[in-house]
Amino acid sequence: MELFLKEYLAHIKLEKNLSQNTVSSYKIDINAFISFLKDSGIDDPSDI
């Protein structure tokens, strides 16, 4: 899932022209969600 996160963050920074603070906040929040998913036994995005 980290690859998807990396691509998404690049997209919102470059294509959406969001500020670095916004991108950093999104990264923190999404990483927390990914940790929750992994703790719940979900490793594949298609299982969401």
# chains A, B, ... in the order shown; residues from 1 in each chain; ligands from 1

$ residues_around --residues "segment 38-48 of chain A" --least-positions-apart "5" --cutoff "12 Å" --atoms "only C-alpha atoms" --output "PyMOL selection string"
chain A and resi 1-5+31-33

$ select_by_dssp --residues "chain A" --states "helix (DSSP H, G or I)" --output "PyMOL selection string"
chain A and resi 2-14+20-39+45-47

$ atom_distance --atom1 "atom CA of Thr22 of chain A" --atom2 "atom CA of Phe36 of chain A"
21.3 Å

$ atom_distance --atom1 "atom CA of Asn21 of chain A" --atom2 "atom CA of Lys6 of chain A"
15.7 Å

$ atom_distance --atom1 "atom CA of Gln20 of chain A" --atom2 "atom CA of Leu37 of chain A"
25.4 Å
